[in-house]
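Student: Sharing target09.csv below, CSV, C-alpha atoms:
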chain,number,residue,atom,x,y,z
A,4,MET,CA,-69.3,5.7,5.7
A,5,SER,CA,-70.3,5.9,9.4
A,6,LYS,CA,-68.9,2.4,10.0
A,7,PHE,CA,-65.6,3.6,8.5
A,8,TRP,CA,-65.4,6.4,11.1
A,9,ILE,CA,-66.4,4.1,13.9
A,10,ILE,CA,-63.6,1.6,13.1
A,11,LEU,CA,-61.1,4.5,12.6
A,12,PHE,CA,-61.8,6.1,15.9
A,13,HIS,CA,-62.1,2.8,17.7
A,14,THR,CA,-58.7,1.8,16.5
A,15,TYR,CA,-57.3,5.2,17.4
A,16,ILE,CA,-58.8,5.4,21.0
A,17,GLN,CA,-57.9,1.7,21.8
A,18,LYS,CA,-54.3,2.2,20.8
A,19,LEU,CA,-54.1,5.6,22.5
A,20,LYS,CA,-55.0,4.1,25.8
A,21,THR,CA,-52.5,1.3,25.7
A,22,LYS,CA,-49.7,1.3,28.3
A,23,SER,CA,-47.1,0.7,25.6
A,24,PHE,CA,-48.2,3.9,23.7
A,25,VAL,CA,-48.2,6.1,26.8
A,26,PHE,CA,-44.9,4.6,28.0
A,27,THR,CA,-43.2,5.0,24.6
A,28,THR,CA,-44.4,8.6,24.3
A,29,ILE,CA,-43.2,9.6,27.8
A,30,ILE,CA,-39.8,7.9,27.4
A,31,THR,CA,-39.2,9.5,24.0
A,32,ALA,CA,-40.1,12.9,25.3
A,33,LEU,CA,-37.8,12.5,28.3
A,34,ILE,CA,-34.9,11.5,26.0
A,35,LEU,CA,-35.5,14.6,23.9
A,36,ILE,CA,-35.5,16.7,27.1
A,37,GLY,CA,-32.2,15.0,28.1
A,38,ILE,CA,-30.6,15.7,24.7
A,39,THR,CA,-31.6,19.3,24.7
A,40,ASN,CA,-30.3,19.7,28.3
A,41,ILE,CA,-27.1,17.7,27.7
A,42,ASN,CA,-24.8,20.6,28.5
A,43,ASN,CA,-26.5,21.1,31.9
A,44,ILE,CA,-26.3,17.4,32.6
A,45,ILE,CA,-22.6,17.2,31.8
A,46,SER,CA,-21.9,20.3,33.9
A,47,PHE,CA,-23.8,18.8,36.8
A,48,PHE,CA,-21.7,15.7,36.9
A,49,GLU,CA,-18.4,17.5,36.2
A,50,LYS,CA,-18.9,19.6,39.3
A,51,ASP,CA,-18.8,16.5,41.5
A,52,SER,CA,-16.1,14.7,39.5
A,53,LYS,CA,-12.7,14.3,41.2
A,54,SER,CA,-9.5,15.4,39.5
A,55,VAL,CA,-7.4,12.7,37.8
A,56,GLN,CA,-4.4,11.8,40.0
A,57,VAL,CA,-1.4,10.5,38.0
A,58,GLY,CA,2.1,9.7,39.2
A,59,ILE,CA,5.2,10.7,37.3
A,60,ILE,CA,8.7,9.1,37.5
A,61,ASP,CA,11.2,11.2,35.5
A,62,SER,CA,14.5,9.3,35.2
A,63,THR,CA,16.0,12.2,33.3
A,64,ASN,CA,15.2,15.0,35.8
A,65,GLU,CA,14.5,17.2,32.8
A,66,LEU,CA,11.1,16.2,31.4
A,67,TYR,CA,8.7,16.7,34.4
A,68,ASN,CA,8.2,20.5,34.2
A,69,PRO,CA,7.7,20.8,30.4
A,70,PHE,CA,5.5,17.7,30.4
A,71,LYS,CA,3.4,19.2,33.3
A,72,GLU,CA,2.8,22.3,31.3
A,73,GLN,CA,1.6,20.3,28.3
A,74,VAL,CA,-0.7,18.2,30.4
A,75,ALA,CA,-2.3,21.4,31.9
A,76,SER,CA,-2.9,22.7,28.4
A,77,PHE,CA,-4.9,19.5,27.5
A,78,ASP,CA,-6.8,19.0,30.7
A,79,SER,CA,-6.7,21.2,33.8
A,80,THR,CA,-8.3,18.4,36.0
A,81,PHE,CA,-5.1,16.3,35.9
A,82,LYS,CA,-3.0,16.5,39.0
A,83,LEU,CA,0.5,15.2,38.6
A,84,THR,CA,2.6,13.8,41.5
A,85,GLU,CA,6.3,13.2,41.0
A,86,TYR,CA,7.9,10.0,42.6
A,87,GLU,CA,11.5,9.1,43.0
A,88,ALA,CA,11.1,5.4,42.8
A,89,GLU,CA,8.7,3.2,40.8
A,90,THR,CA,7.9,1.1,43.9
A,91,ASP,CA,6.5,4.2,45.7
A,92,ALA,CA,4.3,5.0,42.7
A,93,ALA,CA,3.1,1.3,42.5
A,94,LYS,CA,2.1,1.3,46.2
A,95,ALA,CA,0.1,4.5,45.7
A,96,ALA,CA,-1.7,3.0,42.7
A,97,GLU,CA,-2.5,-0.1,44.7
A,98,LYS,CA,-4.0,2.1,47.5
A,99,GLU,CA,-5.9,3.9,44.7
A,100,GLU,CA,-4.3,7.2,45.7
A,101,ILE,CA,-3.4,7.7,42.0
A,102,THR,CA,-5.0,6.3,38.9
A,103,GLY,CA,-1.7,5.2,37.5
A,104,TYR,CA,1.9,6.4,36.9
A,105,LEU,CA,4.0,7.3,33.9
A,106,LEU,CA,7.7,6.3,33.5
A,107,MET,CA,9.5,8.9,31.4
A,108,GLU,CA,13.0,8.5,29.9
A,109,LYS,CA,15.0,9.4,26.8
A,110,ASP,CA,15.6,7.2,23.8
A,111,SER,CA,18.9,6.9,21.9
A,112,GLN,CA,18.3,10.2,20.2
A,113,GLY,CA,17.7,12.1,23.4
A,114,LEU,CA,13.9,12.4,22.8
A,115,PRO,CA,11.3,11.5,25.5
A,116,ARG,CA,9.4,8.2,25.6
A,117,GLY,CA,7.1,6.8,28.2
A,118,ILE,CA,5.4,3.8,29.7
A,119,TYR,CA,2.1,4.2,31.5
A,120,LYS,CA,1.1,1.6,34.2
A,121,ALA,CA,-2.2,1.4,35.9
A,122,ARG,CA,-4.5,-1.1,37.6
A,123,SER,CA,-6.9,-0.8,34.6
A,124,LEU,CA,-6.3,0.5,31.1
A,125,THR,CA,-10.0,1.0,30.2
A,126,ASP,CA,-10.0,4.8,30.6
A,127,SER,CA,-8.7,5.8,27.2
A,128,ASP,CA,-9.2,9.5,27.9
A,129,ILE,CA,-6.4,9.5,30.5
A,130,ILE,CA,-4.1,7.6,28.2
A,131,ASN,CA,-4.8,10.0,25.3
A,132,VAL,CA,-4.1,13.1,27.4
A,133,LEU,CA,-0.8,11.7,28.6
A,134,GLN,CA,0.2,10.4,25.2
A,135,ASN,CA,-0.6,13.7,23.5
A,136,ALA,CA,1.2,15.7,26.2
A,137,LEU,CA,4.3,13.6,25.8
A,138,GLN,CA,4.1,14.0,22.1
A,139,GLN,CA,4.0,17.8,22.3
A,140,THR,CA,6.9,17.6,24.8
A,141,LYS,CA,8.9,15.6,22.3
A,142,VAL,CA,8.1,18.1,19.5
A,143,SER,CA,9.2,21.1,21.6
A,144,ILE,CA,12.5,19.4,22.5
A,145,ALA,CA,13.1,18.2,18.9
A,146,THR,CA,12.4,21.7,17.4
A,147,ALA,CA,14.7,23.3,20.0
A,148,LYS,CA,17.5,21.0,19.0
A,149,MET,CA,17.0,22.1,15.4
A,150,GLY,CA,17.3,25.7,16.4
A,151,LEU,CA,13.8,26.8,15.4
A,152,THR,CA,12.3,29.9,17.1
A,153,SER,CA,8.9,29.8,18.7
A,154,GLU,CA,7.5,31.9,15.7
A,155,GLN,CA,8.8,29.3,13.2
A,156,ILE,CA,7.3,26.5,15.2
A,157,GLU,CA,3.9,28.2,15.3
A,158,GLN,CA,4.1,28.7,11.5
A,159,LEU,CA,5.1,25.1,11.0
A,160,TYR,CA,2.1,23.7,13.0
A,161,ALA,CA,-0.4,26.3,11.9
A,162,PRO,CA,-3.4,24.7,10.1
A,163,VAL,CA,-3.4,25.2,6.3
A,164,GLU,CA,-6.0,27.6,4.9
A,165,PHE,CA,-8.4,25.5,2.9
A,166,HIS,CA,-11.8,26.9,1.6
A,167,GLN,CA,-14.5,25.3,-0.5
A,168,LYS,CA,-16.6,27.2,-3.1
A,169,ALA,CA,-19.2,25.7,-5.5
A,170,LEU,CA,-19.1,26.9,-9.1
A,171,VAL,CA,-22.9,26.5,-9.5
A,172,LYS,CA,-24.7,29.4,-7.9
A,173,GLU,CA,-27.6,27.2,-6.7
A,174,ALA,CA,-25.3,24.8,-5.0
A,175,LYS,CA,-25.3,24.9,-1.2
A,176,THR,CA,-22.3,26.2,0.7
A,177,GLU,CA,-20.2,24.2,3.1
A,178,GLU,CA,-22.1,25.6,6.1
A,179,GLU,CA,-25.5,25.0,4.5
A,180,LEU,CA,-24.5,21.4,3.8
A,181,ASP,CA,-23.4,20.8,7.4
A,182,GLN,CA,-26.8,22.2,8.6
A,183,ALA,CA,-28.7,20.1,6.1
A,184,ARG,CA,-26.8,16.9,6.9
A,185,GLY,CA,-27.6,17.2,10.7
A,186,LEU,CA,-31.2,18.0,10.0
A,187,VAL,CA,-31.7,15.3,7.4
A,188,TYR,CA,-30.2,12.7,9.7
A,189,ILE,CA,-32.6,13.6,12.5
A,190,LEU,CA,-35.7,13.6,10.2
A,191,LEU,CA,-34.6,10.4,8.4
A,192,PHE,CA,-34.4,8.7,11.8
A,193,ILE,CA,-37.9,9.9,12.7
A,194,ILE,CA,-39.3,8.6,9.4
A,195,TYR,CA,-37.5,5.3,9.8
A,196,VAL,CA,-38.6,4.6,13.4
A,197,ASN,CA,-42.2,5.7,12.8
A,198,VAL,CA,-42.8,3.9,9.6
A,199,ILE,CA,-41.4,0.6,10.9
A,200,MET,CA,-43.1,0.9,14.3
A,201,TYR,CA,-46.6,1.8,13.0
A,202,GLY,CA,-46.5,-0.5,10.0
A,203,SER,CA,-45.9,-3.4,12.4
A,204,MET,CA,-48.7,-2.1,14.6
A,205,ILE,CA,-51.2,-2.3,11.8
A,206,ALA,CA,-50.2,-5.9,10.9
A,207,MET,CA,-50.4,-6.9,14.6
A,208,GLU,CA,-53.8,-5.2,15.0
A,209,VAL,CA,-55.3,-7.3,12.1
A,210,ALA,CA,-53.7,-10.5,13.3
A,211,THR,CA,-55.0,-9.9,16.9
A,212,GLU,CA,-58.5,-9.5,15.7
A,213,LYS,CA,-58.3,-12.6,13.6
A,214,SER,CA,-56.9,-14.7,16.5
A,215,SER,CA,-59.8,-13.6,18.7
A,216,ARG,CA,-62.4,-14.3,16.0
A,217,VAL,CA,-63.6,-10.7,16.1
A,218,MET,CA,-62.9,-10.5,12.4
A,219,GLU,CA,-65.8,-12.9,11.6
A,220,ILE,CA,-68.2,-10.4,13.2
A,221,LEU,CA,-66.6,-7.4,11.5
A,222,VAL,CA,-66.7,-9.0,8.0
A,223,SER,CA,-70.4,-9.7,8.3
A,224,SER,CA,-71.2,-6.0,9.0
A,225,VAL,CA,-68.4,-4.1,7.3
A,226,SER,CA,-66.5,-4.7,4.1
A,227,PRO,CA,-62.9,-5.8,4.5
A,228,VAL,CA,-61.7,-2.9,2.3
A,229,THR,CA,-63.4,-0.4,4.6
A,230,GLN,CA,-61.8,-2.1,7.6
A,231,MET,CA,-58.3,-2.0,6.1
A,232,PHE,CA,-58.3,1.7,5.3
A,233,ALA,CA,-60.0,2.6,8.5
A,234,LYS,CA,-57.3,0.8,10.5
A,235,ILE,CA,-54.5,2.4,8.4
A,236,LEU,CA,-55.9,5.9,8.9
A,237,GLY,CA,-56.6,5.2,12.6
A,238,VAL,CA,-53.0,4.2,13.3
A,239,ALA,CA,-51.9,7.2,11.1
A,240,LEU,CA,-53.8,9.5,13.4
A,241,LEU,CA,-52.2,7.8,16.4
A,242,SER,CA,-48.7,8.3,15.0
A,243,LEU,CA,-49.4,12.0,14.3
A,244,THR,CA,-50.7,12.4,17.9
A,245,GLN,CA,-47.5,10.9,19.3
A,246,LEU,CA,-45.3,12.9,17.0
A,247,SER,CA,-47.1,16.1,17.9
A,248,VAL,CA,-46.6,15.5,21.6
A,249,ILE,CA,-42.9,14.6,21.2
A,250,LEU,CA,-42.1,17.5,18.9
A,251,LEU,CA,-43.9,20.0,21.1
A,252,VAL,CA,-42.0,18.9,24.1
A,253,GLY,CA,-38.7,18.8,22.2
A,254,TYR,CA,-39.3,22.2,20.7
A,255,ALA,CA,-40.2,23.8,24.0
A,256,SER,CA,-37.0,22.3,25.6
A,257,PHE,CA,-35.0,23.3,22.6
A,258,LYS,CA,-36.1,26.9,22.8
A,259,GLN,CA,-35.4,27.0,26.5
A,260,ASN,CA,-31.8,25.8,26.1
A,261,LEU,CA,-31.1,27.4,22.7
A,262,SER,CA,-27.8,29.1,23.7
A,263,GLU,CA,-26.3,25.9,25.2
A,264,ILE,CA,-27.4,23.8,22.2
A,265,ARG,CA,-25.8,26.2,19.8
A,266,GLY,CA,-22.5,25.7,21.5
A,267,PHE,CA,-22.9,22.0,21.7
A,268,ALA,CA,-24.3,21.2,18.3
A,269,GLY,CA,-22.1,23.6,16.4
A,270,SER,CA,-22.8,23.6,12.7
A,271,MET,CA,-26.1,21.8,12.9
A,272,ALA,CA,-28.0,25.0,13.5
A,273,VAL,CA,-31.3,23.3,14.0
A,274,SER,CA,-33.0,26.6,14.8
A,275,GLU,CA,-32.5,27.6,11.1
A,276,ILE,CA,-34.6,24.8,9.6
A,277,PRO,CA,-35.7,25.7,6.0
A,278,ILE,CA,-39.5,25.6,5.8
A,279,GLY,CA,-39.2,23.7,2.5
A,280,THR,CA,-37.2,20.9,4.1
A,281,ILE,CA,-39.9,20.6,6.8
A,282,MET,CA,-42.7,20.4,4.1
A,283,TYR,CA,-40.8,17.7,2.2
A,284,ALA,CA,-40.2,15.8,5.4
A,285,VAL,CA,-44.0,15.8,6.2
A,286,LEU,CA,-44.9,14.9,2.6
A,287,PHE,CA,-42.5,12.0,2.3
A,288,PHE,CA,-43.3,10.8,5.9
A,289,ILE,CA,-47.1,10.6,5.0
A,290,LEU,CA,-46.4,8.9,1.6
A,291,GLY,CA,-43.9,6.5,3.1
A,292,TYR,CA,-46.4,5.6,5.9
A,293,LEU,CA,-49.2,5.0,3.5
A,294,LEU,CA,-47.0,2.8,1.3
A,295,PHE,CA,-45.8,0.6,4.1
A,296,ALA,CA,-49.0,0.7,6.1
A,297,THR,CA,-51.0,-0.7,3.2
A,298,LEU,CA,-48.3,-3.4,2.7
A,299,ALA,CA,-48.4,-4.2,6.4
A,300,ALA,CA,-52.2,-4.4,6.5
A,301,PHE,CA,-52.6,-7.1,3.9
A,302,LEU,CA,-49.6,-9.0,5.1
A,303,GLY,CA,-51.1,-9.0,8.6
A,304,SER,CA,-54.4,-10.3,7.1
A,305,LEU,CA,-52.6,-13.5,6.0
A,306,VAL,CA,-51.7,-14.7,9.5
A,307,SER,CA,-54.1,-15.9,12.2
A,308,ARG,CA,-51.7,-15.8,15.1
A,309,THR,CA,-49.8,-12.8,16.5
A,310,GLU,CA,-46.6,-14.8,16.7
A,311,ASP,CA,-46.6,-15.2,12.9
A,312,VAL,CA,-46.7,-11.5,12.3
A,313,GLN,CA,-43.0,-10.8,12.5
A,314,PRO,CA,-41.9,-13.5,10.1
A,315,MET,CA,-44.6,-12.4,7.6
A,316,ILE,CA,-43.6,-8.7,7.6
A,317,THR,CA,-39.8,-9.4,7.7
A,318,PRO,CA,-39.5,-8.6,3.9
A,319,MET,CA,-41.2,-5.3,4.5
A,320,THR,CA,-38.9,-4.5,7.4
A,321,LEU,CA,-35.8,-5.4,5.4
A,322,LEU,CA,-37.0,-2.9,2.7
A,323,ILE,CA,-37.2,-0.1,5.3
A,324,VAL,CA,-33.9,-1.0,6.8
A,325,GLY,CA,-32.3,-1.1,3.4
A,326,ALA,CA,-33.7,2.4,2.5
A,327,PHE,CA,-32.3,3.7,5.8
A,328,LEU,CA,-28.9,2.3,5.3
A,329,ILE,CA,-28.7,3.7,1.8
A,330,ALA,CA,-29.7,7.1,3.1
A,331,MET,CA,-27.0,6.9,5.8
A,332,PHE,CA,-24.5,6.2,3.0
A,333,GLY,CA,-26.0,9.1,1.0
A,334,LEU,CA,-25.4,11.6,3.8
A,335,GLY,CA,-21.7,11.6,2.8
A,336,LYS,CA,-22.2,11.2,-1.0
A,337,PRO,CA,-25.7,12.6,-1.9
A,338,GLU,CA,-24.7,13.1,-5.5
A,339,ALA,CA,-23.7,9.5,-6.1
A,340,ALA,CA,-25.4,7.8,-9.1
A,341,PHE,CA,-26.5,5.0,-6.8
A,342,ILE,CA,-28.4,7.4,-4.6
A,343,LYS,CA,-30.0,9.2,-7.6
A,344,ILE,CA,-31.2,5.9,-9.1
A,345,THR,CA,-32.6,4.5,-5.8
A,346,SER,CA,-34.5,7.8,-5.1
A,347,PHE,CA,-36.9,6.9,-7.9
A,348,ILE,CA,-37.6,3.4,-6.6
A,349,PRO,CA,-40.9,3.8,-4.7
A,350,PHE,CA,-40.0,1.7,-1.7
A,351,PHE,CA,-36.8,3.8,-1.2
A,352,THR,CA,-38.2,7.2,-2.4
A,353,PRO,CA,-39.5,8.5,1.0
A,354,MET,CA,-36.0,8.4,2.5
A,355,ILE,CA,-33.7,8.7,-0.4
A,356,MET,CA,-35.5,11.5,-2.3
A,357,PHE,CA,-36.0,13.4,0.9
A,358,LEU,CA,-32.2,13.1,1.5
A,359,ARG,CA,-31.5,14.5,-1.9
A,360,VAL,CA,-33.9,17.5,-1.7
A,361,GLY,CA,-32.6,18.2,1.8
A,362,MET,CA,-29.0,18.4,0.8
A,363,LEU,CA,-28.9,19.2,-2.9
A,364,THR,CA,-30.7,21.4,-5.4
A,365,VAL,CA,-32.7,18.8,-7.2
A,366,PRO,CA,-34.5,19.7,-10.5
A,367,PRO,CA,-38.3,20.0,-9.9
A,368,TRP,CA,-39.1,17.4,-12.5
A,369,GLU,CA,-37.1,14.8,-10.6
A,370,ILE,CA,-39.0,15.5,-7.4
A,371,ILE,CA,-42.4,15.5,-9.2
A,372,LEU,CA,-41.5,12.2,-11.0
A,373,SER,CA,-40.5,10.4,-7.8
A,374,ILE,CA,-43.7,11.6,-6.0
A,375,LEU,CA,-45.9,10.5,-9.0
A,376,LEU,CA,-44.2,7.0,-9.0
A,377,LEU,CA,-44.6,6.8,-5.2
A,378,VAL,CA,-48.3,7.8,-5.3
A,379,GLY,CA,-48.9,5.4,-8.3
A,380,THR,CA,-47.3,2.6,-6.3
A,381,ILE,CA,-49.5,3.4,-3.2
A,382,ILE,CA,-52.6,3.3,-5.4
A,383,LEU,CA,-51.7,0.0,-7.1
A,384,LEU,CA,-50.7,-1.5,-3.7
A,385,ALA,CA,-53.9,-0.3,-2.1
A,386,ILE,CA,-56.0,-1.9,-4.9
A,387,PHE,CA,-54.0,-5.2,-4.8
A,388,GLY,CA,-53.8,-5.0,-1.0
A,389,ALA,CA,-57.5,-4.5,-0.6
A,390,ARG,CA,-58.1,-7.7,-2.7
A,391,VAL,CA,-55.6,-9.7,-0.6
A,392,TYR,CA,-57.0,-8.3,2.6
A,393,LYS,CA,-60.6,-9.2,1.6
A,394,GLY,CA,-59.7,-12.9,1.2
A,395,GLY,CA,-56.9,-12.9,3.8
A,396,VAL,CA,-59.2,-12.0,6.7
A,397,LEU,CA,-61.1,-15.2,6.1
A,398,MET,CA,-58.1,-17.4,6.2
A,399,TYR,CA,-57.4,-19.3,9.4
A,400,GLY,CA,-54.8,-21.8,10.6
A,401,GLN,CA,-51.0,-21.6,10.5
A,402,SER,CA,-50.0,-19.2,7.8
A,403,SER,CA,-46.7,-17.5,7.6
A,404,SER,CA,-45.7,-17.6,3.9
A,405,LEU,CA,-46.0,-15.1,1.1
A,406,LYS,CA,-47.5,-18.0,-1.0
A,407,ASP,CA,-50.7,-17.5,1.0
A,408,ILE,CA,-51.3,-14.3,-1.1
A,409,LYS,CA,-52.5,-16.6,-3.9
A,410,LYS,CA,-55.0,-18.3,-1.5
A,411,ALA,CA,-56.3,-15.0,-0.3
A,412,LEU,CA,-56.9,-13.8,-3.9
A,413,LEU,CA,-58.8,-17.1,-4.7
A,414,LEU,CA,-61.0,-16.6,-1.7
A,415,THR,CA,-61.7,-13.0,-2.9
A,416,LYS,CA,-62.9,-14.3,-6.2
A,417,GLU,CA,-65.2,-16.9,-4.5
A,418,LYS,CA,-67.0,-14.2,-2.5
Could you rewrite the structure in this file as structure tokens?
Tutor:
Amino acid sequence: MSKFWIILFHTYIQKLKTKSFVFTTIITALILIGITNINNIISFFEKDSKSVQVGIIDSTNELYNPFKEQVASFDSTFKLTEYEAETDAAKAAEKEEITGYLLMEKDSQGLPRGIYKARSLTDSDIINVLQNALQQTKVSIATAKMGLTSEQIEQLYAPVEFHQKALVKEAKTEEELDQARGLVYILLFIIYVNVIMYGSMIAMEVATEKSSRVMEILVSSVSPVTQMFAKILGVALLSLTQLSVILLVGYASFKQNLSEIRGFAGSMAVSEIPIGTIMYAVLFFILGYLLFATLAAFLGSLVSRTEDVQPMITPMTLLIVGAFLIAMFGLGKPEAAFIKITSFIPFFTPMIMFLRVGMLTVPPWEIILSILLLVGTIILLAIFGARVYKGGVLMYGQSSSLKDIKKALLLTKEK
């Protein structure tokens, strides 16, 4: 047992000291700090941003003032300058005194229309503001021609009252679903990234040792099965270390900027995370990691060169990507039959069942059944994977096909 712990902590310490691990942890933490301070960052750049200068040519001599009022209601940073001739506006645009200019005229029905000209049409925000302002100007002129009062216009364009209410008492409200959707999306992404990253790390670790012939020394002193599970748990400890650092930094930054985040994130309400959802996230993360880590370990034992690792674990990667894509679809339709069925397929369970328990009121027997199926698959995969690993670590030469599993099993029987 002492050899097991030696391999476990050796794997953990060696990976902990790598530049890639330190760099990834720091970059991820900085990204989280940036996200939680997004309002402050936006405000900082907006202070130094210049106002948008747009030229206006009103051939009707009637549209400029109402259009100017509409533009101000959409964006106060817009500064409009009226020109008598298009040639003057074009010269100003060439000198970059204005971003562009808008030609306004009336159509055959006496309603406004416009043509926007600029050196570049890549800034869609400017175009959208001008288009929306001109649309509102058109609406106000059209309604005035119909003889509608301002009160009637407000009633006409007032949003319709529409509420949602579930008939089942246990069903989540609209607000709770919005909160759950944002939270589940974040946690699904964490599960996806960590499972695929650390699963690949295990496969690469085994292949690296084989390529350096270290495996021959290890096999003579420690059983391959002990090596496999020591490496799996060592990398698991590494992933928990990285997650702990990232989450602590993110939580500290989140608490510091809570008021700004509430205004920016709106209905996500990350501060009101249900403890049950967190527990399910941890549970399915651990089970998902063990499932794919075991799979990655014995796939990695089949190759002798590190460049063969990615082709070998591609099927496993596609399974994880598939589960993530199904989960993304399920965010909009968590009650779909397709989502329910896939939540019981062990390779999809960590993401899909977590999606369901996070957004729906799932019967306890369904959760228990999915967990039992997942645990059973992990046990079977561990037994089978241990046998493949035991023979796979003794295989050398070019090997990048799943057919090599049979060779590894034959080597295991010969030992």
Student: Let me make sure I understand: among A:Tyr188, A:Tyr15, A:Phe288, A:Phe70, which one has the smallest atom-to-atom distance to A:Gln138 if we use only C-alpha atoms?
Tutor: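 Checking each candidate against A:Gln138, we get A:Phe70 as the closest.
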Student: Have a look at atom CA of A:Lys71 and atom CA of A:Leu83 and let me know their distance in Å, one decimal.
Tutor: 7.2 Å
Student: List as a PyMOL selection string the protein and nucleic acid residues near A:Ile59, meaning an atom at most 7 Å away when all atoms listed in the file are counted, but skip any in the same chain fewer than 2 places from it.
Tutor: chain A and resi 57+61+83-86+104-106
Student: Return the single residue from A:Ile41, A:Leu358, A:Ile249, A:Ala136 that is closest to A:Val74, with distances computed using all atoms listed in the file.
Tutor: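 That would be A:Ala136, the residue with the smallest distance to A:Val74.
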Student: Which residue out of A:Gly279, A:Thr28, A:Lys343, A:Lys148 has the minimum interatomic distance to A:Leu243 when all atoms listed in the file are used?
Tutor: A:Thr28
Student: What is the distance between atom CA of A:Gln56 and atom CA of A:Arg116, in Å to one decimal?
Tutor: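 Those two atoms sit 20.3 Å apart.
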Student: I'd like the contact shell of A:Thr31 - 12 Å cut-off, only C-alpha atoms, skipping same-chain residues fewer than 6 positions apart - returned as a list in words.
Tutor: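 Counting only the stated atoms, we get Ser23, Phe24, Val25, Gly37, Ile38, Ile193, Val196, Gln245, Leu246, Ser247, Val248, Ile249, Leu250, Leu251, Val252 and Gly253 of chain A.
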Student: Emit the selected residues as a PDB file, in the coordinates of the input, including C-alpha atoms.
Tutor:
ATOM      1  CA  SER A  23     -47.100   0.700  25.600  1.00  0.00           C
ATOM      2  CA  PHE A  24     -48.200   3.900  23.700  1.00  0.00           C
ATOM      3  CA  VAL A  25     -48.200   6.100  26.800  1.00  0.00           C
ATOM      4  CA  GLY A  37     -32.200  15.000  28.100  1.00  0.00           C
ATOM      5  CA  ILE A  38     -30.600  15.700  24.700  1.00  0.00           C
ATOM      6  CA  ILE A 193     -37.900   9.900  12.700  1.00  0.00           C
ATOM      7  CA  VAL A 196     -38.600   4.600  13.400  1.00  0.00           C
ATOM      8  CA  GLN A 245     -47.500  10.900  19.300  1.00  0.00           C
ATOM      9  CA  LEU A 246     -45.300  12.900  17.000  1.00  0.00           C
ATOM     10  CA  SER A 247     -47.100  16.100  17.900  1.00  0.00           C
ATOM     11  CA  VAL A 248     -46.600  15.500  21.600  1.00  0.00           C
ATOM     12  CA  ILE A 249     -42.900  14.600  21.200  1.00  0.00           C
ATOM     13  CA  LEU A 250     -42.100  17.500  18.900  1.00  0.00           C
ATOM     14  CA  LEU A 251     -43.900  20.000  21.100  1.00  0.00           C
ATOM     15  CA  VAL A 252     -42.000  18.900  24.100  1.00  0.00           C
ATOM     16  CA  GLY A 253     -38.700  18.800  22.200  1.00  0.00           C
TER      17      GLY A 253
END
Student: Rank nothing, just name the residue among A:Ile34, A:Ala96, A:Leu137, A:Leu19 nearest to A:Leu66, using all atoms listed in the file.
Tutor: A:Leu137
Student: What lies within 10 Å of A:Val198 using only C-alpha atoms, ignoring chain neighbours under 2 positions off, as a PyMOL selection string?
Tutor: chain A and resi 192-196+200-204+239+242+288-289+291-296+320+323
Student: Choose the residue, out of A:Glu338, A:Thr297, A:Ser226, A:Leu191, that has the smallest atom-to-atom separation from A:Thr352; count all atoms listed in the file.
Tutor: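 When distances to A:Thr352 are compared using all atoms listed in the file, the smallest one comes from A:Leu191.
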Student: Rounded to one decimal place, report the atom CA of A:Asn64-atom CA of A:Glu154 distance in Å.
Tutor: 27.4 Å
Student: So which one's closest to A:Phe327, A:Ala385, A:Ile199, A:Val306, A:Glu369? Using all atoms listed in the file, please.
Tutor: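 Closest residue, counting all atoms listed in the file: A:Ile199.
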Student: Taking the block just given, write stretch 310-328 of chain A to a file that holds C-alpha atoms, as a CSV table (one decimal), in the first residue's frame.
Tutor:
chain,number,residue,atom,x,y,z
A,310,GLU,CA,2.1,11.7,-30.3
A,311,ASP,CA,-0.2,8.6,-30.5
A,312,VAL,CA,-2.2,9.6,-27.4
A,313,GLN,CA,-4.6,12.0,-29.1
A,314,PRO,CA,-5.7,9.7,-31.9
A,315,MET,CA,-6.2,6.9,-29.3
A,316,ILE,CA,-8.4,8.9,-26.9
A,317,THR,CA,-10.4,10.6,-29.7
A,318,PRO,CA,-13.4,8.3,-29.2
A,319,MET,CA,-13.4,9.2,-25.5
A,320,THR,CA,-13.2,12.9,-26.3
A,321,LEU,CA,-16.1,12.6,-28.8
A,322,LEU,CA,-18.2,11.0,-26.0
A,323,ILE,CA,-17.5,14.0,-23.7
A,324,VAL,CA,-18.2,16.5,-26.4
A,325,GLY,CA,-21.4,14.7,-27.4
A,326,ALA,CA,-22.6,14.8,-23.7
A,327,PHE,CA,-21.8,18.5,-23.5
A,328,LEU,CA,-23.7,19.3,-26.8
